[in-house]
>>> print(open('entry06.pdb').read())   # PDB, C-alpha atoms, pLDDT in the B column
ATOM      1  CA  MET A 332       7.848   9.268  -3.193  1.00 45.00           C
ATOM      2  CA  TRP A 333       9.049   6.433  -5.457  1.00 46.00           C
ATOM      3  CA  THR A 334       7.752   3.628  -7.613  1.00 51.00           C
ATOM      4  CA  GLN A 335       8.580   0.068  -6.606  1.00 51.00           C
ATOM      5  CA  GLY A 336       7.171  -2.939  -8.407  1.00 54.00           C
ATOM      6  CA  GLY A 337       4.382  -0.925 -10.012  1.00 56.00           C
ATOM      7  CA  ILE A 338       3.265   0.546  -6.688  1.00 58.00           C
ATOM      8  CA  LEU A 339       3.736   4.232  -6.009  1.00 58.00           C
ATOM      9  CA  MET A 340       5.016   4.512  -2.442  1.00 56.00           C
ATOM     10  CA  ARG A 341       5.388   7.334   0.061  1.00 57.00           C
ATOM     11  CA  VAL A 342       6.588   7.046   3.645  1.00 51.00           C
ATOM     12  CA  THR A 343       5.924   9.856   6.072  1.00 49.00           C
ATOM     13  CA  ASN A 344       6.915  10.313   9.685  1.00 45.00           C
ATOM     14  CA  ILE A 345       4.113  11.849  11.719  1.00 43.00           C
ATOM     15  CA  LYS A 346       4.719  12.506  15.432  1.00 44.00           C
ATOM     16  CA  LYS A 347       7.195   9.606  15.625  1.00 43.00           C
ATOM     17  CA  GLU A 348       4.547   7.208  14.315  1.00 52.00           C
ATOM     18  CA  TYR A 349       5.186   5.870  10.844  1.00 61.00           C
ATOM     19  CA  LYS A 350       2.561   5.923   8.148  1.00 71.00           C
ATOM     20  CA  THR A 351       3.148   4.294   4.774  1.00 82.00           C
ATOM     21  CA  THR A 352       0.917   5.010   1.810  1.00 86.00           C
ATOM     22  CA  GLY A 353       0.889   3.571  -1.665  1.00 86.00           C
ATOM     23  CA  LEU A 354      -1.116   3.888  -4.834  1.00 87.00           C
ATOM     24  CA  VAL A 355      -2.027   0.605  -6.491  1.00 87.00           C
ATOM     25  CA  GLU A 356      -3.358   0.660 -10.049  1.00 85.00           C
ATOM     26  CA  SER A 357      -6.751  -0.868 -10.748  1.00 86.00           C
ATOM     27  CA  GLU A 358      -6.676  -3.948 -12.993  1.00 82.00           C
ATOM     28  CA  SER A 359     -10.163  -3.288 -14.335  1.00 84.00           C
ATOM     29  CA  THR A 360      -9.740   0.461 -14.932  1.00 84.00           C
ATOM     30  CA  PRO A 361      -6.283   1.288 -16.288  1.00 81.00           C
ATOM     31  CA  GLY A 362      -5.114   4.683 -15.096  1.00 84.00           C
ATOM     32  CA  ALA A 363      -7.247   4.525 -11.935  1.00 87.00           C
ATOM     33  CA  TYR A 364      -5.423   4.103  -8.638  1.00 88.00           C
ATOM     34  CA  TYR A 365      -6.510   3.146  -5.134  1.00 91.00           C
ATOM     35  CA  LYS A 366      -4.767   4.475  -2.072  1.00 90.00           C
ATOM     36  CA  VAL A 367      -3.562   1.900   0.464  1.00 90.00           C
ATOM     37  CA  ILE A 368      -2.574   3.194   3.906  1.00 89.00           C
ATOM     38  CA  PHE A 369      -0.641   1.244   6.531  1.00 86.00           C
ATOM     39  CA  GLU A 370      -0.807   3.034   9.859  1.00 84.00           C
ATOM     40  CA  ASN A 371      -0.689   1.850  13.463  1.00 81.00           C
ATOM     41  CA  GLY A 372      -0.684  -1.790  12.381  1.00 82.00           C
ATOM     42  CA  MET A 373      -3.814  -1.476  10.222  1.00 87.00           C
ATOM     43  CA  MET A 374      -4.212  -1.393   6.433  1.00 90.00           C
ATOM     44  CA  THR A 375      -7.011   0.328   4.578  1.00 93.00           C
ATOM     45  CA  CYS A 376      -7.764   0.828   0.883  1.00 94.00           C
ATOM     46  CA  THR A 377      -9.973   3.279  -0.972  1.00 94.00           C
ATOM     47  CA  CYS A 378     -11.297   0.659  -3.416  1.00 93.00           C
ATOM     48  CA  PRO A 379     -15.034  -0.166  -3.343  1.00 92.00           C
ATOM     49  CA  HIS A 380     -14.429  -3.761  -2.219  1.00 91.00           C
ATOM     50  CA  HIS A 381     -12.645  -2.620   0.929  1.00 94.00           C
ATOM     51  CA  THR A 382     -14.696   0.491   1.695  1.00 94.00           C
ATOM     52  CA  LYS A 383     -18.114  -1.145   1.203  1.00 93.00           C
ATOM     53  CA  ALA A 384     -17.494  -4.728   2.322  1.00 90.00           C
ATOM     54  CA  GLY A 385     -14.660  -4.068   4.777  1.00 85.00           C
ATOM     55  CA  ALA A 386     -12.828  -7.027   3.277  1.00 86.00           C
ATOM     56  CA  GLN A 387      -9.120  -7.269   2.617  1.00 87.00           C
ATOM     57  CA  CYS A 388      -8.675  -6.565  -1.081  1.00 91.00           C
ATOM     58  CA  LYS A 389      -6.074  -7.472  -3.700  1.00 89.00           C
ATOM     59  CA  HIS A 390      -4.641  -3.945  -3.467  1.00 90.00           C
ATOM     60  CA  ILE A 391      -3.808  -4.485   0.212  1.00 90.00           C
ATOM     61  CA  ASP A 392      -2.350  -7.909  -0.645  1.00 90.00           C
ATOM     62  CA  ALA A 393      -0.134  -6.349  -3.343  1.00 87.00           C
ATOM     63  CA  PHE A 394       0.947  -3.563  -1.004  1.00 86.00           C
ATOM     64  CA  LYS A 395       1.808  -6.042   1.786  1.00 86.00           C
ATOM     65  CA  ALA A 396       3.838  -8.147  -0.645  1.00 86.00           C
ATOM     66  CA  GLU A 397       5.759  -5.075  -1.788  1.00 84.00           C
ATOM     67  CA  LEU A 398       6.478  -3.960   1.783  1.00 82.00           C
ATOM     68  CA  ASP A 399       7.711  -7.485   2.619  1.00 85.00           C
ATOM     69  CA  PHE A 400       9.960  -7.461  -0.451  1.00 83.00           C
ATOM     70  CA  MET A 401      11.385  -4.063   0.481  1.00 82.00           C
ATOM     71  CA  ARG A 402      12.059  -5.226   4.060  1.00 83.00           C
ATOM     72  CA  GLU A 403      13.847  -8.343   2.793  1.00 87.00           C
ATOM     73  CA  GLN A 404      16.012  -6.222   0.490  1.00 82.00           C
ATOM     74  CA  ARG A 405      16.987  -3.916   3.394  1.00 82.00           C
ATOM     75  CA  GLU A 406      17.869  -6.918   5.572  1.00 87.00           C
ATOM     76  CA  LYS A 407      20.202  -8.267   2.870  1.00 86.00           C
ATOM     77  CA  GLN A 408      22.233  -5.056   2.892  1.00 81.00           C
TER
END
>>> encode(input="entry06.pdb", output="structure tokens")
Amino acid sequence: MWTQGGILMRVTNIKKEYKTTGLVESESTPGAYYKVIFENGMMTCTCPHHTKAGAQCKHIDAFKAELDFMREQREKQ
């Protein structure tokens, strides 16, 4: 587990399928975190906006941006 760009990240390998999870801090409630999970090509978030409306939320957007940044950094090496 590590922190990257304000997002707490954990990568696990489950039965040769990769699952990435991250905790993204709430802007409206400091100290509260929402769990974002990227698994099998799908992203979900535990925030009310995503769980109730099914809409892509800002936590998923932040998580995607961080994953893209991390991939770009690996490709530069």
>>> residues_around(input="entry06.pdb", residues="region 365-380 of chain A", least_positions_apart="5", cutoff="9 Å", atoms="only C-alpha atoms", output="list in words")
Glu348, Tyr349, Lys350, Thr351, Thr352, Gly353, Leu354, Val355, Glu356, Ser357, Gly385, Ala386, Gln387, Cys388, His390, Ile391, Phe394 and Lys395 of chain A
>>> atom_distance(input="entry06.pdb", atom1="CA of Gly362 (chain A)", atom2="CA of His381 (chain A)")
19.2 Å
>>> atom_distance(input="entry06.pdb", atom1="CA of Ser359 (chain A)", atom2="CA of Asp399 (chain A)")
25.0 Å
>>> atom_distance(input="entry06.pdb", atom1="CA of Lys389 (chain A)", atom2="CA of Thr360 (chain A)")
14.2 Å
>>> build_atoms(input="entry06.pdb", residues="region 350-382 of chain A", atoms="N, CA and C atoms", output="PDB file, keeping the file's coordinate frame")
ATOM      1  N   LYS A 350       3.722   6.156   9.000  1.00 71.00           N
ATOM      2  CA  LYS A 350       2.561   5.923   8.148  1.00 71.00           C
ATOM      3  C   LYS A 350       3.103   5.690   6.742  1.00 71.00           C
ATOM      4  N   THR A 351       2.716   4.606   6.125  1.00 82.00           N
ATOM      5  CA  THR A 351       3.148   4.294   4.774  1.00 82.00           C
ATOM      6  C   THR A 351       1.928   4.296   3.878  1.00 82.00           C
ATOM      7  N   THR A 352       2.020   4.994   2.757  1.00 86.00           N
ATOM      8  CA  THR A 352       0.917   5.010   1.810  1.00 86.00           C
ATOM      9  C   THR A 352       1.416   4.569   0.444  1.00 86.00           C
ATOM     10  N   GLY A 353       0.549   3.978  -0.312  1.00 86.00           N
ATOM     11  CA  GLY A 353       0.889   3.571  -1.665  1.00 86.00           C
ATOM     12  C   GLY A 353      -0.313   3.685  -2.562  1.00 86.00           C
ATOM     13  N   LEU A 354      -0.053   3.872  -3.829  1.00 87.00           N
ATOM     14  CA  LEU A 354      -1.116   3.888  -4.834  1.00 87.00           C
ATOM     15  C   LEU A 354      -0.973   2.630  -5.675  1.00 87.00           C
ATOM     16  N   VAL A 355      -2.033   1.860  -5.742  1.00 87.00           N
ATOM     17  CA  VAL A 355      -2.027   0.605  -6.491  1.00 87.00           C
ATOM     18  C   VAL A 355      -2.994   0.753  -7.652  1.00 87.00           C
ATOM     19  N   GLU A 356      -2.524   0.488  -8.864  1.00 85.00           N
ATOM     20  CA  GLU A 356      -3.358   0.660 -10.049  1.00 85.00           C
ATOM     21  C   GLU A 356      -4.445  -0.400 -10.117  1.00 85.00           C
ATOM     22  N   SER A 357      -5.620   0.032 -10.547  1.00 86.00           N
ATOM     23  CA  SER A 357      -6.751  -0.868 -10.748  1.00 86.00           C
ATOM     24  C   SER A 357      -6.479  -1.759 -11.956  1.00 86.00           C
ATOM     25  N   GLU A 358      -6.815  -3.045 -11.842  1.00 82.00           N
ATOM     26  CA  GLU A 358      -6.676  -3.948 -12.993  1.00 82.00           C
ATOM     27  C   GLU A 358      -7.824  -3.747 -13.977  1.00 82.00           C
ATOM     28  N   SER A 359      -8.991  -3.410 -13.462  1.00 84.00           N
ATOM     29  CA  SER A 359     -10.163  -3.288 -14.335  1.00 84.00           C
ATOM     30  C   SER A 359     -10.301  -1.909 -14.978  1.00 84.00           C
ATOM     31  N   THR A 360      -9.662  -0.902 -14.389  1.00 84.00           N
ATOM     32  CA  THR A 360      -9.740   0.461 -14.932  1.00 84.00           C
ATOM     33  C   THR A 360      -8.332   1.038 -15.028  1.00 84.00           C
ATOM     34  N   PRO A 361      -7.638   0.769 -16.142  1.00 81.00           N
ATOM     35  CA  PRO A 361      -6.283   1.288 -16.288  1.00 81.00           C
ATOM     36  C   PRO A 361      -6.242   2.807 -16.104  1.00 81.00           C
ATOM     37  N   GLY A 362      -5.248   3.260 -15.374  1.00 84.00           N
ATOM     38  CA  GLY A 362      -5.114   4.683 -15.096  1.00 84.00           C
ATOM     39  C   GLY A 362      -5.791   5.116 -13.803  1.00 84.00           C
ATOM     40  N   ALA A 363      -6.612   4.239 -13.228  1.00 87.00           N
ATOM     41  CA  ALA A 363      -7.247   4.525 -11.935  1.00 87.00           C
ATOM     42  C   ALA A 363      -6.399   3.890 -10.840  1.00 87.00           C
ATOM     43  N   TYR A 364      -6.246   4.589  -9.746  1.00 88.00           N
ATOM     44  CA  TYR A 364      -5.423   4.103  -8.638  1.00 88.00           C
ATOM     45  C   TYR A 364      -6.219   4.140  -7.347  1.00 88.00           C
ATOM     46  N   TYR A 365      -5.922   3.176  -6.469  1.00 91.00           N
ATOM     47  CA  TYR A 365      -6.510   3.146  -5.134  1.00 91.00           C
ATOM     48  C   TYR A 365      -5.409   3.389  -4.122  1.00 91.00           C
ATOM     49  N   LYS A 366      -5.734   4.136  -3.102  1.00 90.00           N
ATOM     50  CA  LYS A 366      -4.767   4.475  -2.072  1.00 90.00           C
ATOM     51  C   LYS A 366      -4.834   3.437  -0.960  1.00 90.00           C
ATOM     52  N   VAL A 367      -3.685   2.850  -0.643  1.00 90.00           N
ATOM     53  CA  VAL A 367      -3.562   1.900   0.464  1.00 90.00           C
ATOM     54  C   VAL A 367      -2.743   2.591   1.543  1.00 90.00           C
ATOM     55  N   ILE A 368      -3.238   2.543   2.775  1.00 89.00           N
ATOM     56  CA  ILE A 368      -2.574   3.194   3.906  1.00 89.00           C
ATOM     57  C   ILE A 368      -2.292   2.141   4.968  1.00 89.00           C
ATOM     58  N   PHE A 369      -1.038   2.099   5.416  1.00 86.00           N
ATOM     59  CA  PHE A 369      -0.641   1.244   6.531  1.00 86.00           C
ATOM     60  C   PHE A 369      -0.255   2.169   7.670  1.00 86.00           C
ATOM     61  N   GLU A 370      -1.040   2.139   8.732  1.00 84.00           N
ATOM     62  CA  GLU A 370      -0.807   3.034   9.859  1.00 84.00           C
ATOM     63  C   GLU A 370      -1.244   2.349  11.148  1.00 84.00           C
ATOM     64  N   ASN A 371      -0.389   2.431  12.146  1.00 81.00           N
ATOM     65  CA  ASN A 371      -0.689   1.850  13.463  1.00 81.00           C
ATOM     66  C   ASN A 371      -1.098   0.378  13.370  1.00 81.00           C
ATOM     67  N   GLY A 372      -0.430  -0.363  12.502  1.00 82.00           N
ATOM     68  CA  GLY A 372      -0.684  -1.790  12.381  1.00 82.00           C
ATOM     69  C   GLY A 372      -1.915  -2.170  11.574  1.00 82.00           C
ATOM     70  N   MET A 373      -2.606  -1.209  10.998  1.00 87.00           N
ATOM     71  CA  MET A 373      -3.814  -1.476  10.222  1.00 87.00           C
ATOM     72  C   MET A 373      -3.624  -1.035   8.778  1.00 87.00           C
ATOM     73  N   MET A 374      -4.242  -1.766   7.842  1.00 90.00           N
ATOM     74  CA  MET A 374      -4.212  -1.393   6.433  1.00 90.00           C
ATOM     75  C   MET A 374      -5.621  -1.104   5.957  1.00 90.00           C
ATOM     76  N   THR A 375      -5.736  -0.019   5.186  1.00 93.00           N
ATOM     77  CA  THR A 375      -7.011   0.328   4.578  1.00 93.00           C
ATOM     78  C   THR A 375      -6.771   0.642   3.107  1.00 93.00           C
ATOM     79  N   CYS A 376      -7.836   0.556   2.313  1.00 94.00           N
ATOM     80  CA  CYS A 376      -7.764   0.828   0.883  1.00 94.00           C
ATOM     81  C   CYS A 376      -9.006   1.614   0.480  1.00 94.00           C
ATOM     82  N   THR A 377      -8.841   2.461  -0.516  1.00 94.00           N
ATOM     83  CA  THR A 377      -9.973   3.279  -0.972  1.00 94.00           C
ATOM     84  C   THR A 377     -10.824   2.593  -2.039  1.00 94.00           C
ATOM     85  N   CYS A 378     -10.508   1.351  -2.393  1.00 93.00           N
ATOM     86  CA  CYS A 378     -11.297   0.659  -3.416  1.00 93.00           C
ATOM     87  C   CYS A 378     -12.688   0.312  -2.881  1.00 93.00           C
ATOM     88  N   PRO A 379     -13.668   0.156  -3.780  1.00 92.00           N
ATOM     89  CA  PRO A 379     -15.034  -0.166  -3.343  1.00 92.00           C
ATOM     90  C   PRO A 379     -15.134  -1.463  -2.546  1.00 92.00           C
ATOM     91  N   HIS A 380     -14.360  -2.472  -2.924  1.00 91.00           N
ATOM     92  CA  HIS A 380     -14.429  -3.761  -2.219  1.00 91.00           C
ATOM     93  C   HIS A 380     -14.085  -3.589  -0.743  1.00 91.00           C
ATOM     94  N   HIS A 381     -13.052  -2.817  -0.467  1.00 94.00           N
ATOM     95  CA  HIS A 381     -12.645  -2.620   0.929  1.00 94.00           C
ATOM     96  C   HIS A 381     -13.559  -1.635   1.653  1.00 94.00           C
ATOM     97  N   THR A 382     -13.898  -0.528   1.005  1.00 94.00           N
ATOM     98  CA  THR A 382     -14.696   0.491   1.695  1.00 94.00           C
ATOM     99  C   THR A 382     -16.133   0.047   1.944  1.00 94.00           C
TER     100      THR A 382
END
